[in-house]
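Colleague: The structure file start.cif (mmCIF, C-alpha atoms and all ligand atoms) is provided below.
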data_structure
loop_
_atom_site.group_PDB
_atom_site.id
_atom_site.type_symbol
_atom_site.label_atom_id
_atom_site.label_comp_id
_atom_site.auth_asym_id
_atom_site.auth_seq_id
_atom_site.Cartn_x
_atom_site.Cartn_y
_atom_site.Cartn_z
ATOM 1 C CA MET A 126 -8.055 -8.992 -41.351
ATOM 2 C CA THR A 127 -4.560 -8.786 -39.962
ATOM 3 C CA LYS A 128 -1.845 -8.438 -42.558
ATOM 4 C CA ALA A 129 1.677 -7.140 -42.841
ATOM 5 C CA VAL A 130 2.229 -5.566 -46.208
ATOM 6 C CA GLU A 131 4.575 -3.137 -47.799
ATOM 7 C CA SER A 132 2.246 -0.324 -48.610
ATOM 8 C CA ILE A 133 1.767 1.825 -51.672
ATOM 9 C CA LYS A 134 1.096 5.370 -50.572
ATOM 10 C CA PRO A 135 -1.213 6.599 -49.121
ATOM 11 C CA VAL A 136 -2.141 4.049 -46.454
ATOM 12 C CA ASP A 137 -5.823 3.301 -45.922
ATOM 13 C CA ILE A 138 -5.975 2.057 -42.334
ATOM 14 C CA GLY A 139 -8.469 2.133 -39.449
ATOM 15 C CA PHE A 140 -8.029 4.672 -36.666
ATOM 16 C CA GLU A 141 -11.358 4.716 -34.780
ATOM 17 C CA ARG A 142 -12.094 2.911 -31.508
ATOM 18 C CA THR A 143 -13.595 -0.550 -31.838
ATOM 19 C CA CYS A 144 -14.159 -0.997 -28.081
ATOM 20 C CA ASP A 145 -17.218 0.168 -26.161
ATOM 21 C CA CYS A 146 -15.373 2.230 -23.521
ATOM 22 C CA PRO A 147 -17.084 5.483 -22.425
ATOM 23 C CA PRO A 148 -15.998 8.414 -24.663
ATOM 24 C CA SER A 149 -14.137 10.263 -21.864
ATOM 25 C CA HIS A 150 -11.791 7.291 -21.128
ATOM 26 C CA ILE A 151 -8.279 7.657 -22.589
ATOM 27 C CA ASN A 152 -7.670 3.880 -22.633
ATOM 28 C CA CYS A 153 -9.336 0.515 -22.069
ATOM 29 C CA LEU A 154 -7.639 -0.062 -18.664
ATOM 30 C CA ASN A 155 -9.588 -0.655 -15.475
ATOM 31 C CA ALA A 156 -8.708 1.282 -12.294
ATOM 32 C CA LYS A 157 -6.402 -1.455 -10.936
ATOM 33 C CA GLN A 158 -4.386 -1.654 -14.176
ATOM 34 C CA TRP A 159 -4.233 2.159 -14.338
ATOM 35 C CA ILE A 160 -2.648 2.400 -10.847
ATOM 36 C CA LYS A 161 0.204 0.064 -11.841
ATOM 37 C CA SER A 162 1.008 2.145 -14.917
ATOM 38 C CA GLN A 163 1.333 5.349 -12.876
ATOM 39 C CA ILE A 164 4.627 4.137 -11.388
ATOM 40 C CA THR A 165 7.410 6.171 -13.004
ATOM 41 C CA ILE A 166 10.006 3.402 -12.967
ATOM 42 C CA GLN A 167 9.061 0.332 -14.984
ATOM 43 C CA THR A 168 10.767 -2.968 -15.776
ATOM 44 C CA PHE A 169 10.007 -4.528 -19.154
ATOM 45 C CA TYR A 170 10.847 -8.225 -19.401
ATOM 46 C CA TYR A 171 11.977 -9.893 -22.630
ATOM 47 C CA GLU A 172 9.933 -12.898 -23.774
ATOM 48 C CA GLY A 173 10.486 -15.761 -26.224
ATOM 49 C CA ARG A 174 9.304 -13.775 -29.280
ATOM 50 C CA ASP A 175 11.773 -10.928 -28.609
ATOM 51 C CA VAL A 176 14.881 -10.803 -30.794
ATOM 52 C CA ARG A 177 18.093 -10.213 -28.835
ATOM 53 C CA ASP A 178 20.577 -11.118 -31.555
ATOM 54 C CA LYS A 179 22.781 -8.062 -32.278
ATOM 55 C CA ASP A 180 23.604 -9.574 -35.686
ATOM 56 C CA VAL A 181 19.938 -9.149 -36.656
ATOM 57 C CA HIS A 182 19.550 -5.611 -35.218
ATOM 58 C CA PRO A 183 21.769 -3.820 -32.672
ATOM 59 C CA ALA A 184 19.070 -2.036 -30.656
ATOM 60 C CA VAL A 185 15.744 -3.802 -30.225
ATOM 61 C CA PHE A 186 13.414 -3.029 -27.332
ATOM 62 C CA PRO A 187 11.243 -5.726 -25.703
ATOM 63 C CA ILE A 188 7.629 -6.173 -26.939
ATOM 64 C CA ALA A 189 6.552 -5.384 -23.354
ATOM 65 C CA LEU A 190 7.746 -1.758 -23.705
ATOM 66 C CA PRO A 191 5.513 -0.565 -26.579
ATOM 67 C CA ALA A 192 2.727 -2.834 -25.235
ATOM 68 C CA HIS A 193 2.745 -0.924 -21.930
ATOM 69 C CA PHE A 194 2.270 2.460 -23.638
ATOM 70 C CA ILE A 195 -0.179 1.192 -26.262
ATOM 71 C CA LYS A 196 -2.407 0.002 -23.387
ATOM 72 C CA LEU A 197 -1.937 3.301 -21.575
ATOM 73 C CA PHE A 198 -2.550 5.744 -24.425
ATOM 74 C CA THR A 199 -4.870 4.054 -26.940
ATOM 75 C CA HIS A 200 -8.119 2.123 -27.280
ATOM 76 C CA LYS A 201 -8.639 -0.998 -29.370
ATOM 77 C CA GLY A 202 -8.908 -0.094 -33.054
ATOM 78 C CA GLU A 203 -6.952 3.160 -32.765
ATOM 79 C CA LEU A 204 -3.821 3.896 -34.806
ATOM 80 C CA VAL A 205 -0.230 3.601 -33.542
ATOM 81 C CA LEU A 206 2.765 4.977 -35.480
ATOM 82 C CA ASP A 207 6.444 3.999 -35.084
ATOM 83 C CA PRO A 208 8.642 6.265 -37.268
ATOM 84 C CA PHE A 209 11.801 4.161 -36.601
ATOM 85 C CA VAL A 210 10.305 0.675 -36.405
ATOM 86 C CA GLY A 211 13.538 -1.370 -36.719
ATOM 87 C CA ILE A 212 12.507 -5.034 -36.833
ATOM 88 C CA GLY A 213 8.863 -4.356 -36.045
ATOM 89 C CA THR A 214 8.574 -4.777 -32.257
ATOM 90 C CA THR A 215 5.942 -2.023 -31.902
ATOM 91 C CA LEU A 216 3.792 -3.623 -34.597
ATOM 92 C CA ILE A 217 3.850 -6.992 -32.831
ATOM 93 C CA ALA A 218 2.657 -5.310 -29.608
ATOM 94 C CA ALA A 219 -0.039 -3.453 -31.587
ATOM 95 C CA ARG A 220 -1.239 -6.653 -33.196
ATOM 96 C CA ASP A 221 -1.409 -8.475 -29.835
ATOM 97 C CA LEU A 222 -3.546 -5.601 -28.497
ATOM 98 C CA GLU A 223 -5.809 -5.207 -31.558
ATOM 99 C CA ARG A 224 -4.514 -1.780 -32.513
ATOM 100 C CA ASN A 225 -3.858 -0.699 -36.090
ATOM 101 C CA ALA A 226 -0.260 0.350 -36.669
ATOM 102 C CA VAL A 227 2.147 1.721 -39.257
ATOM 103 C CA GLY A 228 5.920 1.400 -38.950
ATOM 104 C CA PHE A 229 8.635 3.071 -41.031
ATOM 105 C CA ASP A 230 12.310 2.170 -41.396
ATOM 106 C CA LEU A 231 14.981 3.378 -43.773
ATOM 107 C CA LYS A 232 16.570 -0.041 -44.073
ATOM 108 C CA ARG A 233 14.835 -2.545 -46.369
ATOM 109 C CA GLU A 234 16.436 -5.504 -44.602
ATOM 110 C CA TYR A 235 14.765 -4.532 -41.288
ATOM 111 C CA ILE A 236 11.367 -4.146 -42.964
ATOM 112 C CA GLU A 237 11.735 -7.587 -44.553
ATOM 113 C CA TYR A 238 12.673 -9.074 -41.179
ATOM 114 C CA SER A 239 9.694 -7.320 -39.542
ATOM 115 C CA LYS A 240 7.346 -8.905 -42.078
ATOM 116 C CA LYS A 241 8.658 -12.347 -41.211
ATOM 117 C CA ARG A 242 8.249 -11.649 -37.486
ATOM 118 C CA LEU A 243 4.693 -10.438 -37.977
ATOM 119 C CA ALA A 244 3.816 -13.470 -40.059
ATOM 120 C CA GLN A 245 4.725 -15.682 -37.084
ATOM 121 C CA THR A 246 2.629 -13.760 -34.562
ATOM 122 C CA SER A 247 -1.092 -14.095 -34.913
ATOM 123 C CA LEU A 248 -3.065 -13.857 -31.706
ATOM 124 C CA THR A 249 -5.933 -11.788 -33.093
ATOM 125 C CA ALA A 250 -7.173 -10.742 -36.511
ATOM 126 C CA ASN A 251 -9.067 -7.545 -35.782
ATOM 127 C CA SER A 252 -6.432 -5.018 -36.763
ATOM 128 C CA GLU A 253 -3.940 -4.233 -39.500
ATOM 129 C CA GLN A 254 -0.201 -3.567 -39.311
ATOM 130 C CA VAL A 255 1.590 -1.914 -42.227
ATOM 131 C CA LEU A 256 5.368 -1.734 -42.772
ATOM 132 C CA ILE A 257 6.900 0.927 -44.980
ATOM 133 C CA ASN A 258 10.496 1.134 -46.168
ATOM 134 C CA ASP A 259 11.052 4.887 -46.293
ATOM 135 C CA ASP A 260 12.657 7.875 -44.573
ATOM 136 C CA ALA A 261 10.645 9.064 -41.541
ATOM 137 C CA LEU A 262 10.746 12.542 -43.132
ATOM 138 C CA ASN A 263 8.244 11.240 -45.735
ATOM 139 C CA ILE A 264 5.643 10.000 -43.225
ATOM 140 C CA PRO A 265 3.188 12.880 -43.984
ATOM 141 C CA GLN A 266 2.834 11.528 -47.545
ATOM 142 C CA TYR A 267 1.356 8.270 -46.216
ATOM 143 C CA LEU A 268 -1.040 9.072 -43.350
ATOM 144 C CA LYS A 269 -4.223 11.132 -43.061
ATOM 145 C CA PRO A 270 -4.375 14.184 -40.741
ATOM 146 C CA GLU A 271 -5.589 13.659 -37.148
ATOM 147 C CA THR A 272 -5.659 9.844 -37.311
ATOM 148 C CA VAL A 273 -2.754 8.769 -35.051
ATOM 149 C CA SER A 274 -3.487 8.256 -31.323
ATOM 150 C CA LEU A 275 0.035 7.222 -30.260
ATOM 151 C CA CYS A 276 3.438 7.724 -31.854
ATOM 152 C CA ILE A 277 5.965 5.530 -30.047
ATOM 153 C CA THR A 278 9.559 4.781 -30.960
ATOM 154 C CA SER A 279 13.166 4.458 -29.982
ATOM 155 C CA PRO A 280 15.133 6.648 -32.401
ATOM 156 C CA PRO A 281 18.764 6.132 -33.425
ATOM 157 C CA TYR A 282 21.441 8.093 -31.540
ATOM 158 C CA ALA A 283 23.425 10.839 -33.243
ATOM 159 C CA ASN A 284 26.859 10.036 -34.573
ATOM 160 C CA MET A 285 26.624 6.262 -34.175
ATOM 161 C CA LEU A 286 29.584 5.924 -36.501
ATOM 162 C CA ASN A 287 31.779 6.908 -33.567
ATOM 163 C CA HIS A 288 30.199 4.698 -30.951
ATOM 164 C CA LYS A 289 32.215 1.673 -30.044
ATOM 165 C CA ARG A 290 30.012 -0.723 -28.152
ATOM 166 C CA LEU A 291 31.093 -0.826 -24.498
ATOM 167 C CA ASN A 292 29.493 -3.490 -22.411
ATOM 168 C CA LYS A 293 30.255 -2.424 -18.856
ATOM 169 C CA SER A 294 27.783 -4.880 -17.419
ATOM 170 C CA ILE A 295 30.309 -7.685 -17.119
ATOM 171 C CA ARG A 296 33.870 -7.714 -15.749
ATOM 172 C CA GLY A 297 36.580 -7.065 -18.346
ATOM 173 C CA ASP A 298 38.286 -10.385 -17.704
ATOM 174 C CA LEU A 299 34.993 -12.207 -18.248
ATOM 175 C CA ARG A 300 34.029 -10.344 -21.417
ATOM 176 C CA ASN A 301 33.159 -12.734 -24.180
ATOM 177 C CA ASN A 302 30.859 -10.343 -25.981
ATOM 178 C CA LYS A 303 31.778 -10.537 -29.694
ATOM 179 C CA HIS A 304 30.291 -7.054 -30.192
ATOM 180 C CA TYR A 305 32.548 -5.417 -27.547
ATOM 181 C CA LEU A 306 34.301 -2.317 -29.007
ATOM 182 C CA LYS A 307 32.544 -2.826 -32.357
ATOM 183 C CA ILE A 308 30.862 0.109 -34.081
ATOM 184 C CA GLN A 309 27.221 -0.732 -34.740
ATOM 185 C CA GLN A 310 25.480 1.524 -37.205
ATOM 186 C CA TYR A 311 22.198 0.671 -38.901
ATOM 187 C CA SER A 312 23.294 1.728 -42.393
ATOM 188 C CA LEU A 313 25.667 4.016 -44.302
ATOM 189 C CA ASP A 314 22.730 5.979 -45.738
ATOM 190 C CA PRO A 315 23.258 9.723 -45.075
ATOM 191 C CA LYS A 316 19.506 9.934 -44.300
ATOM 192 C CA ASP A 317 20.067 7.559 -41.333
ATOM 193 C CA LEU A 318 19.877 9.665 -38.149
ATOM 194 C CA GLY A 319 22.720 7.581 -36.717
ATOM 195 C CA GLN A 320 25.026 9.034 -39.405
ATOM 196 C CA MET A 321 24.356 12.656 -38.415
ATOM 197 C CA ASP A 322 26.320 14.878 -36.051
ATOM 198 C CA HIS A 323 24.508 16.182 -32.986
ATOM 199 C CA ASN A 324 23.344 19.441 -34.633
ATOM 200 C CA GLN A 325 22.018 17.862 -37.805
ATOM 201 C CA TYR A 326 20.428 15.103 -35.690
ATOM 202 C CA SER A 327 18.449 17.601 -33.583
ATOM 203 C CA GLN A 328 17.331 19.577 -36.636
ATOM 204 C CA THR A 329 16.242 16.449 -38.519
ATOM 205 C CA LEU A 330 14.382 15.080 -35.493
ATOM 206 C CA THR A 331 12.471 18.382 -35.227
ATOM 207 C CA LYS A 332 11.624 18.201 -38.937
ATOM 208 C CA ILE A 333 10.392 14.594 -38.652
ATOM 209 C CA TYR A 334 8.148 15.391 -35.654
ATOM 210 C CA LYS A 335 6.877 18.608 -37.319
ATOM 211 C CA GLY A 336 5.711 16.333 -40.156
ATOM 212 C CA ILE A 337 4.076 13.936 -37.697
ATOM 213 C CA TYR A 338 2.317 16.705 -35.706
ATOM 214 C CA PRO A 339 -0.683 17.259 -38.054
ATOM 215 C CA LEU A 340 -1.200 13.478 -38.326
ATOM 216 C CA MET A 341 -1.791 13.166 -34.571
ATOM 217 C CA LYS A 342 -5.283 13.392 -33.094
ATOM 218 C CA PRO A 343 -5.746 16.389 -30.757
ATOM 219 C CA GLN A 344 -4.311 15.316 -27.360
ATOM 220 C CA GLY A 345 -2.570 12.399 -29.101
ATOM 221 C CA HIS A 346 0.440 10.977 -27.248
ATOM 222 C CA VAL A 347 4.089 10.690 -28.256
ATOM 223 C CA VAL A 348 6.496 8.378 -26.410
ATOM 224 C CA VAL A 349 10.256 8.336 -27.083
ATOM 225 C CA ASN A 350 12.686 5.825 -25.560
ATOM 226 C CA VAL A 351 16.302 7.121 -25.476
ATOM 227 C CA ASN A 352 19.488 6.938 -23.499
ATOM 228 C CA ASP A 353 22.244 9.507 -22.986
ATOM 229 C CA VAL A 354 25.531 8.802 -24.726
ATOM 230 C CA TRP A 355 29.136 8.800 -23.484
ATOM 231 C CA GLU A 356 31.431 9.591 -26.408
ATOM 232 C CA ASN A 357 35.071 10.767 -26.562
ATOM 233 C CA ASN A 358 35.077 11.370 -22.809
ATOM 234 C CA LYS A 359 32.019 13.609 -23.016
ATOM 235 C CA ARG A 360 28.400 13.105 -21.947
ATOM 236 C CA TYR A 361 25.775 13.869 -24.637
ATOM 237 C CA PRO A 362 22.323 14.263 -23.023
ATOM 238 C CA THR A 363 20.259 12.782 -25.853
ATOM 239 C CA HIS A 364 17.082 12.992 -23.766
ATOM 240 C CA ILE A 365 17.467 16.791 -23.643
ATOM 241 C CA TYR A 366 17.983 16.998 -27.426
ATOM 242 C CA VAL A 367 14.809 14.942 -27.903
ATOM 243 C CA ILE A 368 12.747 17.135 -25.552
ATOM 244 C CA ASP A 369 14.061 20.234 -27.338
ATOM 245 C CA ALA A 370 13.316 18.802 -30.809
ATOM 246 C CA LEU A 371 9.760 17.747 -29.927
ATOM 247 C CA GLU A 372 8.922 21.037 -28.204
ATOM 248 C CA LYS A 373 10.157 22.876 -31.309
ATOM 249 C CA ALA A 374 7.809 20.631 -33.337
ATOM 250 C CA GLY A 375 4.880 21.816 -31.167
ATOM 251 C CA PHE A 376 4.402 18.951 -28.674
ATOM 252 C CA GLU A 377 4.105 19.580 -24.933
ATOM 253 C CA PHE A 378 6.458 17.645 -22.689
ATOM 254 C CA ARG A 379 4.479 15.807 -19.975
ATOM 255 C CA ASN A 380 6.484 13.122 -18.125
ATOM 256 C CA THR A 381 9.820 11.395 -17.729
ATOM 257 C CA MET A 382 9.720 7.693 -17.003
ATOM 258 C CA ILE A 383 12.615 5.336 -16.425
ATOM 259 C CA TRP A 384 13.092 1.872 -17.897
ATOM 260 C CA ASP A 385 14.807 0.033 -15.063
ATOM 261 C CA LYS A 386 17.195 -2.399 -16.781
ATOM 262 C CA ARG A 387 19.007 -3.699 -13.718
ATOM 263 C CA ASP A 388 17.549 -7.152 -14.309
ATOM 264 C CA LEU A 389 19.545 -7.266 -17.568
ATOM 265 C CA VAL A 390 22.919 -6.593 -15.897
ATOM 266 C CA ASN A 391 24.792 -9.686 -14.812
ATOM 267 C CA LYS A 392 28.165 -9.066 -13.175
ATOM 268 C CA VAL A 393 29.309 -5.539 -12.372
ATOM 269 C CA GLY A 394 33.023 -4.619 -12.462
ATOM 270 C CA ILE A 395 34.639 -1.719 -10.519
ATOM 271 C CA PHE A 396 34.936 0.850 -13.304
ATOM 272 C CA GLY A 397 36.954 4.022 -12.641
ATOM 273 C CA TRP A 398 37.584 3.294 -8.951
ATOM 274 C CA PRO A 399 39.117 5.096 -7.100
ATOM 275 C CA SER A 400 39.769 8.136 -9.312
ATOM 276 C CA ASN A 401 37.014 8.486 -11.919
ATOM 277 C CA PHE A 402 33.304 7.990 -11.257
ATOM 278 C CA ILE A 403 31.488 6.345 -14.176
ATOM 279 C CA THR A 404 27.860 5.232 -13.986
ATOM 280 C CA LEU A 405 26.590 2.115 -15.667
ATOM 281 C CA GLY A 406 24.578 3.622 -18.533
ATOM 282 C CA ALA A 407 23.316 0.122 -19.302
ATOM 283 C CA THR A 408 21.178 0.044 -16.142
ATOM 284 C CA MET A 409 18.471 2.539 -17.202
ATOM 285 C CA GLU A 410 16.941 4.348 -20.175
ATOM 286 C CA PHE A 411 14.681 7.379 -20.455
ATOM 287 C CA ILE A 412 11.097 7.167 -21.651
ATOM 288 C CA LEU A 413 9.813 10.628 -22.519
ATOM 289 C CA HIS A 414 6.118 11.352 -22.819
ATOM 290 C CA PHE A 415 4.666 14.249 -24.868
ATOM 291 C CA ARG A 416 1.187 15.255 -25.977
ATOM 292 C CA LYS A 417 -0.236 17.244 -28.846
ATOM 293 C CA PRO A 418 -2.125 20.185 -27.327
ATOM 294 C CA ASP A 419 -5.854 20.610 -28.117
HETATM 295 C C1 LIG B 501 16.762 2.027 -32.236
HETATM 296 S S1 LIG B 501 16.298 1.371 -33.795
HETATM 297 C C2 LIG B 501 14.619 0.916 -33.526
HETATM 298 C C3 LIG B 501 14.483 -0.507 -33.048
HETATM 299 C C4 LIG B 501 13.040 -0.924 -32.770
HETATM 300 N N1 LIG B 501 12.516 -0.263 -31.594
HETATM 301 C C5 LIG B 501 12.923 -2.446 -32.619
HETATM 302 O O1 LIG B 501 12.574 -2.908 -31.512
HETATM 303 O O2 LIG B 501 13.213 -3.151 -33.583
HETATM 304 C C6 LIG B 501 16.194 2.784 -34.830
HETATM 305 C C7 LIG B 501 15.880 2.490 -36.294
HETATM 306 O O3 LIG B 501 15.773 3.731 -37.006
HETATM 307 C C8 LIG B 501 16.097 3.487 -38.380
HETATM 308 N N2 LIG B 501 16.350 4.797 -39.025
HETATM 309 C C9 LIG B 501 17.443 5.586 -38.969
HETATM 310 N N3 LIG B 501 17.245 6.732 -39.642
HETATM 311 C C10 LIG B 501 15.986 6.673 -40.167
HETATM 312 C C11 LIG B 501 15.195 7.556 -40.956
HETATM 313 N N4 LIG B 501 15.663 8.744 -41.366
HETATM 314 N N5 LIG B 501 13.929 7.166 -41.265
HETATM 315 C C12 LIG B 501 13.434 5.957 -40.874
HETATM 316 N N6 LIG B 501 14.153 5.071 -40.132
HETATM 317 C C13 LIG B 501 15.406 5.426 -39.774
HETATM 318 C C14 LIG B 501 17.278 2.534 -38.294
HETATM 319 O O4 LIG B 501 17.412 1.779 -39.491
HETATM 320 C C15 LIG B 501 16.928 1.676 -37.059
HETATM 321 O O5 LIG B 501 16.364 0.438 -37.423
#
If you took the structure in this file and wrote it as structure tokens, what would it be?
Ligand SMILES: C[S@@+](CC[C@H](N)C(=O)[O-])C[C@H]1O[C@@H](n2cnc3c(N)ncnc32)[C@H](O)[C@@H]1O

Modeller:
Amino acid sequence: MTKAVESIKPVDIGFERTCDCPPSHINCLNAKQWIKSQITIQTFYYEGRDVRDKDVHPAVFPIALPAHFIKLFTHKGELVLDPFVGIGTTLIAARDLERNAVGFDLKREYIEYSKKRLAQTSLTANSEQVLINDDALNIPQYLKPETVSLCITSPPYANMLNHKRLNKSIRGDLRNNKHYLKIQQYSLDPKDLGQMDHNQYSQTLTKIYKGIYPLMKPQGHVVVNVNDVWENNKRYPTHIYVIDALEKAGFEFRNTMIWDKRDLVNKVGIFGWPSNFITLGATMEFILHFRKPD
């Protein structure tokens, strides 16, 4: 039965295939579907069930994003983990695709919201999705070794306390974005990765993924969606920090993919011209793919 519960540790959840695919197949896709997913640049469209209200959560990805990678890297019945689940988008995708899933978030409010979202979405009832309000550092206390097939997430960015939201996608004179120049942090909890400076962020990310490593099946996949940050006139290559942190945790880096977000940009102003070249960070994000070695 499908249910969204706040779990008492440890979590007893399915992780074995329920499909009848041949054992050597890494997913349930047919050849035609597989070809489409090999394209490195992907567009993920928002749908009616997606939440795009920054007052609810400042950084939600579309259901289509985790759905794409769940289809690519798991079979029906296998276990998906999101260590920074926010308002539960990954778990909705997992439920749609009949995958078991566990999602963690430090903020109780987001977990409560996720439960409400999951209660509204019920396409199938052959899997279970579990939400846990805890620090991602504690994940090893909840899950059994070698059970997770895919760990997919979009982590917070370091030092979010300093990030004023800049929306360069519309001309300054047309800006009516009430979040423009606002600082959007998830919480004031010192355990929140968004509260950490770049050094502490990298070290904590390594620690979190070192904890996740033994929980992954051999050759299990890890997908991380991040963007680089422009802060105090300096570029911080978050995608490099993430690659470094996950390699230190033992994972092998396999692929870089790009989330093409140009469809989300409306009117583009002439920023910096003619003396300072500034790219529109809002037009793409990195999707980094890792694997646990045998
Ligand atoms: C980018 S958001 C994820 C949004 C999610 N993909 C969605 O669609 O809703 C990152 C989340 O990480 C959470 N977070 C920050 N530090 C954490 C920690 N140490 N452990 C668990 N969650 C944490 C934040 O509360 C935030 O909701």

Colleague: Have a look at atom C14 of ligand LIG 501 (chain B) and atom CA of A:Pro281 and let me know their distance in Å, one decimal.

Modeller: 6.2 Å

Colleague: Mind telling me what the PyMOL selection byres (((chain A and resi 257) around 6) and not hetatm) catches here, as JSON, numbers by chain?

Modeller: {"A": [131, 229, 256, 258, 259]}

Colleague: For ligand LIG 501 (chain B), collect every residue having any atom at a distance of at most 8 Å from a ligand atom (counting only C-alpha atoms and all ligand atoms); output as number ranges by chain.

Modeller: A: 182-188, 208-215, 229-232, 235, 258-262, 278-282, 311-312, 316-319

Colleague: Record the distance separating atom CA of A:Asn225 and atom CA of A:Tyr366, expressed in Å with one decimal.

Modeller: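 Separating atom CA of A:Asn225 from atom CA of A:Tyr366 is a distance of 29.4 Å.
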
Colleague: Evaluate the PyMOL selection byres (((chain A and resi 320) around 7) and not hetatm) against this structure - the residues, as an mmCIF file with C-alpha atoms, in the frame of the given file, please.

Modeller:
data_model
loop_
_atom_site.group_PDB
_atom_site.id
_atom_site.type_symbol
_atom_site.label_atom_id
_atom_site.label_comp_id
_atom_site.auth_asym_id
_atom_site.auth_seq_id
_atom_site.Cartn_x
_atom_site.Cartn_y
_atom_site.Cartn_z
ATOM 1 C CA ALA A 283 23.425 10.839 -33.243
ATOM 2 C CA ASN A 284 26.859 10.036 -34.573
ATOM 3 C CA MET A 285 26.624 6.262 -34.175
ATOM 4 C CA LEU A 286 29.584 5.924 -36.501
ATOM 5 C CA PRO A 315 23.258 9.723 -45.075
ATOM 6 C CA ASP A 317 20.067 7.559 -41.333
ATOM 7 C CA LEU A 318 19.877 9.665 -38.149
ATOM 8 C CA GLY A 319 22.720 7.581 -36.717
ATOM 9 C CA MET A 321 24.356 12.656 -38.415
ATOM 10 C CA ASP A 322 26.320 14.878 -36.051
#

Colleague: Between A:Leu190, A:Ile277, A:Leu330, A:Leu340, which one has atoms that come closest to A:Phe140, using only C-alpha atoms?

Modeller: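 Counting only C-alpha atoms, the residue closest to A:Phe140 is A:Leu340.
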
Colleague: Would you mind listing what lies within 9 Å of A:Asp388 as a list in words, with only C-alpha atoms counted and same-chain residues fewer than 3 positions away left out?

Modeller: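 My reading of the contact set: Thr168, Tyr170, Asp385, Asn391 and Thr408 of chain A.
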
Colleague: Identify which of the residues A:Ile337, A:Val351, A:Asn357, A:Ile403 lies closest to A:Gln266, counting only C-alpha atoms when measuring atom-to-atom distances.

Modeller: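 Looking only at the distances to A:Gln266, the closest residue turns out to be A:Ile337.
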
Colleague: By how many Å are atom CA of A:Ala219 and atom CA of A:Lys342 apart?

Modeller: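 Result for atom CA of A:Ala219 versus atom CA of A:Lys342: 17.7 Å, one decimal.
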
Colleague: List the residues sitting within 9 Å of (4.9, 21.9, -27.8) in the file's frame, using all atoms listed in the file, as a list in words.

Modeller: Leu371, Glu372, Lys373, Ala374, Gly375, Phe376, Glu377, Phe378, Phe415, Arg416, Lys417 and Pro418 of chain A

Colleague: Running the PyMOL selection byres (((chain A and resi 269) around 9) and not hetatm) on this model by hand, what would come out? Give it as a PyMOL selection string.

Modeller: chain A and resi 135-137+265-268+270-273+339-340

Colleague: Pull out stretch 204-216 of chain A, keep N, CA and C atoms, and write it as a compact mmCIF listing (two decimals), in the first residue's frame.

Modeller:
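As written to disk, out-v6.txt reads:
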# COMPACT_ATOMS: atom_id res chain seq x y z
N LEU A 204 14.54 1.09 -4.53
CA LEU A 204 14.49 2.16 -3.52
C LEU A 204 15.25 3.41 -3.96
N VAL A 205 14.56 4.56 -3.85
CA VAL A 205 15.13 5.86 -4.19
C VAL A 205 15.29 6.66 -2.89
N LEU A 206 16.40 7.37 -2.76
CA LEU A 206 16.64 8.21 -1.57
C LEU A 206 16.84 9.66 -2.00
N ASP A 207 16.17 10.60 -1.31
CA ASP A 207 16.47 12.03 -1.49
C ASP A 207 16.87 12.60 -0.13
N PRO A 208 18.17 12.90 0.06
CA PRO A 208 18.64 13.38 1.37
C PRO A 208 18.20 14.80 1.71
N PHE A 209 17.80 15.59 0.69
CA PHE A 209 17.34 16.98 0.91
C PHE A 209 16.02 17.13 0.16
N VAL A 210 14.96 16.54 0.69
CA VAL A 210 13.74 16.31 -0.11
C VAL A 210 12.87 17.55 -0.27
N GLY A 211 13.12 18.62 0.54
CA GLY A 211 12.33 19.84 0.41
C GLY A 211 10.86 19.52 0.60
N ILE A 212 10.03 19.89 -0.39
CA ILE A 212 8.58 19.62 -0.26
C ILE A 212 8.16 18.37 -1.03
N GLY A 213 9.10 17.42 -1.16
CA GLY A 213 8.70 16.06 -1.53
C GLY A 213 8.59 15.73 -3.01
N THR A 214 9.15 16.58 -3.88
CA THR A 214 8.99 16.37 -5.33
C THR A 214 9.48 14.98 -5.77
N THR A 215 10.64 14.57 -5.27
CA THR A 215 11.21 13.27 -5.66
C THR A 215 10.26 12.13 -5.28
N LEU A 216 9.60 12.27 -4.14
CA LEU A 216 8.73 11.18 -3.67
C LEU A 216 7.46 11.09 -4.52
